[in-house]
file work-v4.txt (compact mmCIF, C-alpha atoms)
# COMPACT_ATOMS: atom_id res chain seq x y z
CA MET A 5 -31.41 -18.97 80.22
CA ASN A 6 -30.45 -18.95 83.91
CA ILE A 7 -26.86 -19.86 83.09
CA ILE A 8 -26.63 -16.89 80.70
CA LEU A 9 -27.90 -14.52 83.39
CA ASP A 10 -25.47 -16.03 85.90
CA LEU A 11 -22.56 -15.56 83.49
CA LEU A 12 -23.56 -11.95 82.82
CA LEU A 13 -23.78 -11.31 86.55
CA LEU A 14 -20.37 -12.93 87.00
CA LEU A 15 -18.91 -10.65 84.32
CA ILE A 16 -20.37 -7.58 86.02
CA ILE A 17 -18.94 -8.67 89.38
CA ILE A 18 -15.49 -9.26 87.83
CA ILE A 19 -15.47 -5.82 86.19
CA TYR A 20 -16.70 -4.20 89.42
CA SER A 21 -13.99 -6.02 91.42
CA TYR A 22 -11.24 -4.74 89.13
CA LEU A 23 -12.59 -1.19 89.34
CA GLU A 24 -12.84 -1.47 93.12
CA SER A 25 -9.24 -2.67 93.35
CA LEU A 26 -8.12 0.22 91.12
CA VAL A 27 -9.91 2.75 93.31
CA LYS A 28 -8.27 1.30 96.45
CA VAL A 29 -4.85 1.94 94.96
CA PHE A 30 -5.49 5.71 94.99
CA ILE A 31 -7.88 6.11 97.92
CA PRO A 32 -6.60 5.16 101.40
CA GLN A 33 -8.73 2.46 102.98
CA ARG A 34 -10.51 3.08 106.25
CA ARG A 35 -8.71 1.43 109.16
CA LYS A 36 -10.63 -0.34 111.88
CA SER A 37 -9.89 0.09 115.57
CA VAL A 38 -8.35 -2.78 117.53
CA ALA A 39 -8.41 -0.94 120.88
CA GLY A 40 -9.66 -3.29 123.58
CA GLU A 41 -9.52 -6.35 121.32
CA ILE A 42 -7.96 -9.42 122.94
CA VAL A 43 -5.07 -10.49 120.71
CA LEU A 44 -3.30 -13.85 120.94
CA ILE A 45 0.10 -13.98 119.22
CA THR A 46 2.08 -17.20 118.98
CA GLY A 47 5.85 -17.04 118.68
CA ALA A 48 5.80 -13.59 120.27
CA GLY A 49 9.17 -13.90 122.02
CA HIS A 50 11.19 -12.60 119.08
CA GLY A 51 11.15 -11.59 115.43
CA ILE A 52 7.88 -10.82 113.65
CA GLY A 53 5.75 -11.90 116.62
CA ARG A 54 7.51 -9.55 119.01
CA HIS A 55 7.22 -6.52 116.74
CA THR A 56 3.60 -7.38 115.95
CA ALA A 57 2.90 -7.37 119.69
CA TYR A 58 4.47 -3.89 119.93
CA GLU A 59 2.26 -2.63 117.11
CA PHE A 60 -0.91 -3.97 118.76
CA ALA A 61 0.18 -2.52 122.11
CA LYS A 62 0.51 0.93 120.51
CA ARG A 63 -3.12 0.59 119.45
CA LYS A 64 -4.27 -0.28 123.00
CA SER A 65 -5.11 -3.92 122.33
CA ARG A 66 -5.02 -6.46 125.16
CA LEU A 67 -2.22 -8.91 124.45
CA VAL A 68 -1.99 -12.61 125.27
CA LEU A 69 1.50 -14.00 124.87
CA TRP A 70 0.84 -17.22 124.98
CA ASP A 71 -0.54 -20.21 127.11
CA ILE A 72 -3.85 -21.17 125.54
CA ASN A 73 -5.13 -23.04 128.64
CA LYS A 74 -5.23 -19.87 130.78
CA VAL A 75 -6.42 -17.51 128.04
CA LYS A 76 -10.17 -17.96 128.39
CA LYS A 77 -10.13 -18.00 132.21
CA GLU A 78 -7.97 -14.92 132.72
CA VAL A 79 -8.73 -12.53 129.85
CA GLY A 80 -11.97 -13.70 128.24
CA ASP A 81 -12.62 -14.58 124.62
CA VAL A 82 -9.76 -13.89 122.22
CA THR A 83 -10.94 -11.84 119.22
CA ILE A 84 -7.74 -11.65 117.15
CA VAL A 85 -5.40 -14.61 116.63
CA VAL A 86 -1.99 -14.20 114.99
CA ASN A 87 -0.65 -17.66 114.12
CA ASN A 88 2.97 -16.59 113.85
CA ALA A 89 5.06 -19.39 115.37
CA GLY A 90 7.35 -21.01 112.81
CA THR A 91 10.48 -23.08 112.39
CA ILE A 92 12.83 -24.07 109.56
CA TYR A 93 15.66 -26.58 109.07
CA PRO A 94 17.68 -25.65 105.95
CA ALA A 95 19.02 -28.88 104.44
CA ASP A 96 18.61 -31.10 101.41
CA LEU A 97 15.90 -33.73 101.85
CA LEU A 98 18.22 -36.66 102.57
CA SER A 99 20.07 -34.63 105.21
CA THR A 100 16.84 -33.55 106.91
CA LYS A 101 16.05 -35.65 109.98
CA ASP A 102 12.63 -37.25 110.26
CA GLU A 103 11.95 -35.46 113.54
CA GLU A 104 12.80 -32.12 111.89
CA ILE A 105 10.20 -32.76 109.19
CA THR A 106 7.61 -33.64 111.83
CA LYS A 107 8.48 -30.59 113.93
CA THR A 108 8.21 -28.28 110.91
CA PHE A 109 4.65 -29.39 110.19
CA GLU A 110 3.65 -29.40 113.86
CA VAL A 111 4.74 -25.78 114.33
CA ASN A 112 4.11 -24.26 110.90
CA ILE A 113 0.65 -25.64 110.14
CA LEU A 114 -0.80 -28.11 112.65
CA GLY A 115 -0.50 -25.51 115.40
CA HIS A 116 -2.72 -23.23 113.31
CA PHE A 117 -5.44 -25.88 113.33
CA TRP A 118 -5.35 -26.54 117.08
CA ILE A 119 -5.20 -22.86 118.11
CA THR A 120 -7.92 -21.79 115.67
CA LYS A 121 -10.23 -24.66 116.66
CA ALA A 122 -9.79 -23.82 120.34
CA LEU A 123 -10.63 -20.12 119.94
CA LEU A 124 -13.07 -20.17 117.02
CA PRO A 125 -16.31 -21.14 118.84
CA ALA A 126 -16.55 -17.79 120.67
CA MET A 127 -15.83 -15.90 117.43
CA MET A 128 -18.49 -17.91 115.61
CA GLN A 129 -21.04 -17.20 118.33
CA ARG A 130 -20.44 -13.44 118.13
CA ASN A 131 -19.64 -13.38 114.38
CA HIS A 132 -16.66 -11.20 115.26
CA GLY A 133 -12.93 -11.76 115.12
CA HIS A 134 -9.83 -11.86 112.96
CA ILE A 135 -7.60 -14.87 112.25
CA VAL A 136 -4.13 -14.09 110.90
CA THR A 137 -1.91 -16.67 109.24
CA VAL A 138 1.80 -15.85 109.00
CA ALA A 139 2.98 -17.77 105.94
CA SER A 140 5.74 -16.94 103.45
CA VAL A 141 6.53 -16.38 99.80
CA CYS A 142 7.48 -20.06 100.05
CA GLY A 143 3.75 -20.74 100.30
CA HIS A 144 3.44 -19.63 96.67
CA GLY A 145 6.77 -20.65 95.16
CA VAL A 146 9.49 -23.14 96.06
CA ILE A 147 13.16 -22.89 97.04
CA PRO A 148 15.60 -25.82 97.16
CA TYR A 149 16.94 -27.14 100.48
CA ILE A 150 13.88 -26.18 102.55
CA ILE A 151 11.35 -28.70 101.23
CA PRO A 152 9.48 -29.27 104.54
CA TYR A 153 9.29 -25.51 105.14
CA CYS A 154 7.92 -24.79 101.66
CA SER A 155 5.42 -27.64 101.98
CA SER A 156 4.19 -26.42 105.36
CA LYS A 157 3.83 -22.84 104.11
CA PHE A 158 1.84 -23.99 101.06
CA ALA A 159 -0.41 -25.73 103.58
CA ALA A 160 -0.64 -22.53 105.65
CA VAL A 161 -1.72 -20.48 102.61
CA SER A 162 -4.31 -23.14 101.74
CA PHE A 163 -5.52 -23.15 105.35
CA HIS A 164 -6.10 -19.40 105.14
CA ARG A 165 -7.92 -19.59 101.80
CA ALA A 166 -10.10 -22.54 102.75
CA LEU A 167 -10.97 -21.00 106.13
CA THR A 168 -11.91 -17.74 104.41
CA SER A 169 -14.14 -19.62 101.99
CA GLU A 170 -15.77 -21.56 104.82
CA PHE A 171 -16.64 -18.40 106.75
CA GLU A 172 -18.31 -17.03 103.62
CA ALA A 173 -20.25 -20.28 103.12
CA LEU A 174 -21.42 -20.19 106.75
CA GLY A 175 -22.39 -16.54 106.56
CA LYS A 176 -19.84 -15.59 109.23
CA THR A 177 -18.60 -12.54 107.38
CA GLY A 178 -17.87 -10.73 110.64
CA ILE A 179 -14.85 -12.99 111.13
CA LYS A 180 -12.03 -11.59 109.02
CA THR A 181 -8.92 -13.40 107.79
CA SER A 182 -5.47 -12.25 106.69
CA CYS A 183 -2.40 -14.09 105.44
CA VAL A 184 1.01 -12.43 105.39
CA CYS A 185 3.60 -13.70 102.91
CA PRO A 186 7.02 -12.03 103.17
CA VAL A 187 10.25 -12.83 101.35
CA PHE A 188 13.34 -13.61 103.43
CA VAL A 189 13.16 -12.02 106.87
CA ASN A 190 16.16 -11.40 109.10
CA THR A 191 14.93 -13.54 112.01
CA GLY A 192 18.07 -15.63 112.49
CA PHE A 193 16.26 -18.84 111.50
CA THR A 194 18.23 -18.93 108.23
CA LYS A 195 21.86 -17.85 108.37
CA ASN A 196 23.26 -15.31 105.93
CA PRO A 197 20.25 -15.12 103.58
CA SER A 198 20.64 -13.06 100.41
CA THR A 199 18.92 -12.58 97.07
CA ARG A 200 19.56 -10.28 94.13
CA LEU A 201 15.95 -9.35 93.28
CA PHE A 202 14.33 -8.86 96.69
CA PRO A 203 15.55 -7.29 99.92
CA VAL A 204 16.12 -9.26 103.11
CA LEU A 205 13.45 -7.77 105.35
CA GLU A 206 13.70 -6.66 108.95
CA THR A 207 11.05 -8.01 111.32
CA ASN A 208 9.65 -4.56 112.15
CA GLU A 209 8.94 -3.95 108.43
CA VAL A 210 6.90 -7.15 108.22
CA ALA A 211 5.07 -6.37 111.47
CA ARG A 212 4.03 -2.92 110.20
CA SER A 213 2.74 -4.40 106.93
CA LEU A 214 0.91 -7.08 108.89
CA ILE A 215 -0.79 -4.56 111.18
CA ASP A 216 -1.75 -2.36 108.24
CA GLY A 217 -3.28 -5.39 106.51
CA ILE A 218 -5.26 -6.34 109.61
CA LEU A 219 -6.61 -2.82 110.11
CA THR A 220 -7.83 -2.71 106.51
CA ASN A 221 -9.10 -6.33 106.49
CA LYS A 222 -6.72 -7.25 103.68
CA LYS A 223 -6.88 -10.97 102.92
CA MET A 224 -3.44 -11.53 101.33
CA ILE A 225 -0.53 -9.37 102.47
CA PHE A 226 2.64 -9.59 100.40
CA VAL A 227 5.85 -8.04 101.74
CA PRO A 228 7.15 -6.23 99.75
CA SER A 229 3.82 -5.43 98.09
CA TYR A 230 5.17 -5.72 94.53
CA LEU A 231 5.84 -9.42 95.22
CA ASN A 232 2.24 -10.02 94.15
CA ILE A 233 3.04 -8.84 90.60
CA PHE A 234 6.04 -11.15 90.40
CA LEU A 235 4.04 -14.17 91.58
CA THR A 236 1.26 -13.40 89.08
CA LEU A 237 3.76 -13.26 86.22
CA GLU A 238 5.21 -16.61 87.31
CA LYS A 239 1.90 -18.31 86.51
CA PHE A 240 2.16 -17.33 82.84
CA LEU A 241 5.88 -17.80 82.21
CA PRO A 242 7.25 -20.98 80.59
CA GLU A 243 9.41 -23.30 82.66
CA ARG A 244 12.67 -22.26 80.98
CA ALA A 245 11.95 -18.59 81.77
CA LEU A 246 11.22 -19.43 85.42
CA ALA A 247 14.51 -21.31 85.68
CA ALA A 248 16.32 -18.27 84.27
CA ILE A 249 14.61 -15.99 86.81
CA ASN A 250 15.63 -18.30 89.65
CA HIS A 251 19.21 -18.20 88.38
CA VAL A 252 19.18 -14.39 88.31
CA GLN A 253 17.68 -14.24 91.81
CA ASP A 254 20.65 -16.20 93.16
CA ILE A 255 18.97 -17.01 96.48
CA GLN A 256 21.58 -18.01 99.05
CA PHE A 257 21.60 -19.11 102.69
CA GLU A 258 23.48 -21.60 104.82
CA ALA A 259 22.12 -25.15 104.53
CA VAL A 260 23.24 -28.69 105.28
CA ILE A 261 23.86 -30.30 101.90
CA GLY A 262 25.21 -33.83 101.73
CA HIS A 263 25.86 -33.69 105.49
CA LYS A 264 28.04 -30.61 105.06
CA THR A 265 27.12 -26.99 105.70
CA LYS A 266 27.29 -25.01 102.48
CA MET A 267 26.00 -21.78 101.08
CA LYS A 268 23.20 -22.30 98.60
call {"tool": "encode", "arguments": {"input": "work-v4.txt", "output": "C-alpha cells"}}
result
Amino acid sequence: MNIILDLLLLLIIIIYSYLESLVKVFIPQRRKSVAGEIVLITGAGHGIGRHTAYEFAKRKSRLVLWDINKVKKEVGDVTIVVNNAGTIYPADLLSTKDEEITKTFEVNILGHFWITKALLPAMMQRNHGHIVTVASVCGHGVIPYIIPYCSSKFAAVSFHRALTSEFEALGKTGIKTSCVCPVFVNTGFTKNPSTRLFPVLETNEVARSLIDGILTNKKMIFVPSYLNIFLTLEKFLPERALAAINHVQDIQFEAVIGHKTKMK
C-alpha cells in the first residue's frame, strides 16, 4: 500500500514540475541580489572568466581573482565560486601527449574538487553560497579529436549533478549550484572553429547567460538555450540518425591528426 501512495505522490510531483516549468517559460523569474557577495572566479584573465567578472562587478559583488591561499585572510569567506578555468589540446588520441591528458584533467575537473573543498566548509556552516561549474556541450555529447576534453567535461557535469544531490541529501538547500554548458566559444583555445547548426559564441554572450542563470538559481544553463532540446532529442534517436546529424553539423576546428595539423 505504501508503494502505491509513493508512486501516486511521485506522479503528482512530476505533473507539478512540468506545470511549474511551463509557467517559468512565460513568467520572468525573480532574480536574487549578489551585491556584497564575495565571488571567486578561476581563469578570470580572459574569455568567459573575464566577462563574468565584469558582470559581477556591475552588480557590486566583491571579486577575488584568484590566489586561494590569501582569499580567506584578506576578504573573508567566499560565497560564490565560479570554477571556470579550462584547457584543451585538439588532437587525435595517439597524437595527444601524456602530459596534455594529465593537464586537461587537472585543470578541467580536479581543480573543481580542490577549490570547492577548500571553500565549502564556510558555506556549509552558514548554509549559504553558490557553486558554479563551467562545463561544455562536450559534457553531454562527444566530438572527435578532443577526447580528454570531452571526458573531463563529462566529469565536470557529473561533479555538478552529484554535488547538487549531496547538498539536498544533507539538507543544505541554501547552497545553490549551476552548471553552464555552451557550444563552441570564441576563446582562442580552438583555432578556426565552425559548425553549421550552432553559432560560434562570443565570451560576453556566455557570461551574460551564466550571470542570468546564477541570479535565478538555474541548475543547468545551456548556451544557446535551445541546445537543451537538441540534446534531449539525441537520447531518443537511433545511432544512424545521430551519425547523420553529426555529418550535417560539420563541426570543424584545427587539430593535430597523425602528427599533422589539419582541419577537422
call {"tool": "atom_distance", "arguments": {"input": "work-v4.txt", "atom1": "CA of Gly90 in chain A", "atom2": "CA of Ile45 in chain A"}}
result
12.0 Å
call {"tool": "closest_residue", "arguments": {"input": "work-v4.txt", "among": "A:Thr91, A:Ser182, A:Ser156, A:Ser169", "to": "Thr194 in chain A", "atoms": "only C-alpha atoms"}}
result
A:Thr91
call {"tool": "closest_residue", "arguments": {"input": "work-v4.txt", "among": "A:Asp254, A:Glu110, A:Asp10, A:Glu206", "to": "Val187 in chain A", "atoms": "only C-alpha atoms"}}
result
A:Glu206
call {"tool": "atom_distance", "arguments": {"input": "work-v4.txt", "atom1": "CA of Leu237 in chain A", "atom2": "CA of Lys195 in chain A"}}
result
29.0 Å
call {"tool": "closest_residue", "arguments": {"input": "work-v4.txt", "among": "A:Val184, A:Val86, A:Leu241, A:Leu23", "to": "Ser229 in chain A", "atoms": "all atoms listed in the file"}}
result
A:Val184
call {"tool": "closest_residue", "arguments": {"input": "work-v4.txt", "among": "A:Leu174, A:Met224, A:Ile17, A:Ile179", "to": "Ala139 in chain A", "atoms": "all atoms listed in the file"}}
result
A:Met224
call {"tool": "closest_residue", "arguments": {"input": "work-v4.txt", "among": "A:Asn88, A:Ile261, A:Asn112, A:Glu238", "to": "Val146 in chain A", "atoms": "all atoms listed in the file"}}
result
A:Glu238
call {"tool": "closest_residue", "arguments": {"input": "work-v4.txt", "among": "A:Lys101, A:Cys183, A:Gly175, A:Asp96", "to": "Gln129 in chain A", "atoms": "all atoms listed in the file"}}
result
A:Gly175
